[in-house]
Amino acid sequence: MAHPPAVTTDARRHHDPEVRGFASDNYAGTHPEILAALALANGGHQGAYGDDDYTRHLQDVLRRHFGARAETYPVFNGTGANVVALQALTDRWGAVIAADTAHIHVDEGGAPERVGGIKLLTVPTPDGKLTCELIDREAYGWEDEHRAMPQVVSLAQSTELGTLYTPDELRAIADHAHERGMTVHLDGARLANAAAALDVPLSALTTDAGIDVVSFGGTKNGLLFGEAVVVLNPSAVRAMRHLRKLSLQLASKMRFVSVQFEALLAGDLWLRSARHANSMAARLAAGVREVEGVRVLHPVQANAVFARLPREVSERLRKRYRFYFWDESAGDVRWMCSFDTTVEDVDGFLTALREEIAR
């Protein structure tokens with residue numbers, strides 16, 4: 001009986017590891033220290049569904065950053081983290097106030113509404129940031145049975161436009177929301193970048209600012225996969241374990257999510273990686289500002305650069321470096337830097353940009 005030919009694994013057959021880009025920090029590979037941690041956790045047998053030594057130890061690791069009351073629930077991905085967190089904070093009749101640029105509104109395929117059953121009430125913002133005044137455009141009608149009840153304010157840090165809330169801004173919003181009987185969720189997919197940029201501990205942007213629940217990102221900061229829902233105010237949520245399972249976010253081999261976060265947060269890997277990504281974005285923005293015909297659109301405060309340039313230039317440049325259009329009609333683009341972006345990457349991109357502008 002004939003057998004099919006053996007298949008060998010060679011990553012170079014599938015992609016060229018020399019190809020670099022600025023499309024997303026999700027495009028980057030896994031940090032070597034994370035890969036080493038995964039290998040460490042791989043030996044022997046451990047309990048499933050979070051009943052393992054790594055997940056138990058992770059609780060203490062996260063409490064060092066977020067305080068003694070923090071409860072951590074590892075999940076698979078960012079959308080899952082947001083859906084689980086928002087479900088835990090809302091009733092069936094509840095609604096969530098968010099910026100109209102928020103990831104939960106624009107980039108999650110309707111999952112908070114279709115999977116979580118949550119109405120989103122979005123508000124236009126000039127810079128991706130909510131304010132107390134903007135929140136009040138939708139924070140009303142709690143006793144009106146014809147309207148979804150506003151129960152949560154969801155913030156993103158950093159925002160989808162790369163801007164940052166200061167600790168004082170977060171505290172003002174949290175106090176404002178709490179006074180109106182609402183809770184506050186923080187989409188922290190890039191929370192590490194925000195803390196690195198503002199030079200504050202993670203707690204300053206979360207626990208100390210009055211945030212109730214955080215969707216804490218790992219994948220954009222060097223993890224292979226995995227995010228975490230961190231409950232800072234346990235009295236604000238209920239049935240977290242059930243909601244995680246119901247939302248398809250309970251990992252059977254959870255140790256492999258947990259050990260990555262342990263490697264990221266037990267030392268300073270989270271901070272080193274975020275600082276590096278931020279510094280590469282600052283270098284990129286400085287170089288872009290010197291190129292005639294290109295305009296940086298928003299303050300570059302974390303690891304994102306938003307710019308406007310002629311569409312035909314972007315089309316040619318994208319054949320050399322991957323990146324996304326942000327607003328195709330206006331010619332706006334987004335360039336993201338990651339933990340493994342190099343000086344050579346940035347300088348090579350700037351050279352290509354100048355060449356395409358000159359054409």
# chains A, B, ... in the order shown; residues from 1 in each chain; ligands from 1
$ residues_around --residues "segment 225-227 of chain A" --least-positions-apart "6" --cutoff "6 Å" --atoms "only C-alpha atoms" --output "list of chain:residue names"
A:Pro74, A:Val75, A:Phe76, A:Asn77, A:Gly78, A:Phe216, A:Gly217, A:Gly218, A:Thr219, A:Val257
$ closest_residue --among "A:Arg190, A:His14, A:His45, A:Arg354" --to "Gly222 of chain A" --atoms "only C-alpha atoms"
A:Arg190
$ residues_around --residues "Thr90 of chain A" --least-positions-apart "5" --cutoff "8 Å" --atoms "only C-alpha atoms" --output "VMD selection string"
chain A and resid 95 118 151 to 152
$ write_last_selection --atoms "N, CA and C atoms" --output "compact mmCIF listing (two decimals), in the first residue's frame"
# COMPACT_ATOMS: atom_id res chain seq x y z
N ALA A 95 -26.82 48.71 28.96
CA ALA A 95 -26.10 49.30 27.84
C ALA A 95 -24.75 49.80 28.31
N ILE A 118 -25.46 43.00 24.59
CA ILE A 118 -25.30 44.30 25.23
C ILE A 118 -25.49 45.40 24.20
N GLN A 151 -25.37 51.30 31.99
CA GLN A 151 -24.86 50.70 33.22
C GLN A 151 -23.33 50.73 33.31
N VAL A 152 -22.67 50.87 32.17
CA VAL A 152 -21.21 50.79 32.14
C VAL A 152 -20.65 51.87 31.22
$ residues_around --residues "Ala307 of chain A" --least-positions-apart "3" --cutoff "8 Å" --atoms "only C-alpha atoms" --output "number ranges by chain"
A: 294-298, 332-334
$ write_last_selection --atoms "N, CA and C atoms" --output "PDB file, in the first residue's frame"
ATOM      1  N   VAL A 294       3.306  64.764   4.087  1.00  0.00           N
ATOM      2  CA  VAL A 294       2.770  63.811   5.064  1.00  0.00           C
ATOM      3  C   VAL A 294       2.461  64.569   6.350  1.00  0.00           C
ATOM      4  N   ARG A 295       1.300  64.309   6.922  1.00  0.00           N
ATOM      5  CA  ARG A 295       0.903  64.996   8.161  1.00  0.00           C
ATOM      6  C   ARG A 295       0.548  63.977   9.231  1.00  0.00           C
ATOM      7  N   VAL A 296       1.156  64.103  10.394  1.00  0.00           N
ATOM      8  CA  VAL A 296       0.798  63.273  11.550  1.00  0.00           C
ATOM      9  C   VAL A 296      -0.482  63.835  12.144  1.00  0.00           C
ATOM     10  N   LEU A 297      -1.489  62.978  12.351  1.00  0.00           N
ATOM     11  CA  LEU A 297      -2.837  63.442  12.673  1.00  0.00           C
ATOM     12  C   LEU A 297      -3.110  63.587  14.161  1.00  0.00           C
ATOM     13  N   HIS A 298      -2.540  62.714  14.973  1.00  0.00           N
ATOM     14  CA  HIS A 298      -2.837  62.725  16.402  1.00  0.00           C
ATOM     15  C   HIS A 298      -1.539  62.736  17.197  1.00  0.00           C
ATOM     16  N   ASP A 332      -6.112  58.505   5.244  1.00  0.00           N
ATOM     17  CA  ASP A 332      -5.474  58.354   6.552  1.00  0.00           C
ATOM     18  C   ASP A 332      -4.992  56.916   6.739  1.00  0.00           C
ATOM     19  N   VAL A 333      -3.822  56.781   7.341  1.00  0.00           N
ATOM     20  CA  VAL A 333      -3.242  55.464   7.574  1.00  0.00           C
ATOM     21  C   VAL A 333      -2.815  55.342   9.037  1.00  0.00           C
ATOM     22  N   ARG A 334      -2.595  54.090   9.471  1.00  0.00           N
ATOM     23  CA  ARG A 334      -2.086  53.827  10.811  1.00  0.00           C
ATOM     24  C   ARG A 334      -0.839  52.980  10.703  1.00  0.00           C
TER      25      ARG A 334
END
$ closest_residue --among "A:Cys337, A:Val300, A:Ala266, A:Val231" --to "Arg322 of chain A" --atoms "only C-alpha atoms"
A:Cys337
$ closest_residue --among "A:Leu309, A:Leu224, A:Val184, A:Ala352" --to "Phe256 of chain A" --atoms "only C-alpha atoms"
A:Leu224
$ residues_around --residues "Thr342 of chain A" --least-positions-apart "3" --cutoff "8 Å" --atoms "only C-alpha atoms" --output "number ranges by chain"
A: 280, 345-346
$ write_last_selection --atoms "C-alpha atoms" --output "PDB file, in the first residue's frame"
ATOM      1  CA  MET A 280      10.120  53.198  17.936  1.00  0.00           C
ATOM      2  CA  ASP A 345      12.888  48.871  10.420  1.00  0.00           C
ATOM      3  CA  VAL A 346      11.924  52.466  11.136  1.00  0.00           C
TER       4      VAL A 346
END
$ closest_residue --among "A:Pro112, A:Gly181, A:Gly47, A:Pro299" --to "Leu164 of chain A" --atoms "only C-alpha atoms"
A:Pro299
$ atom_distance --atom1 "atom CA of Val343 of chain A" --atom2 "atom CA of Arg20 of chain A"
11.9 Å
$ residues_around --residues "Thr159 of chain A" --least-positions-apart "4" --cutoff "10 Å" --atoms "only C-alpha atoms" --output "PyMOL selection string"
chain A and resi 99+101-103+127-130+155+163-165+187-191+194+302+304
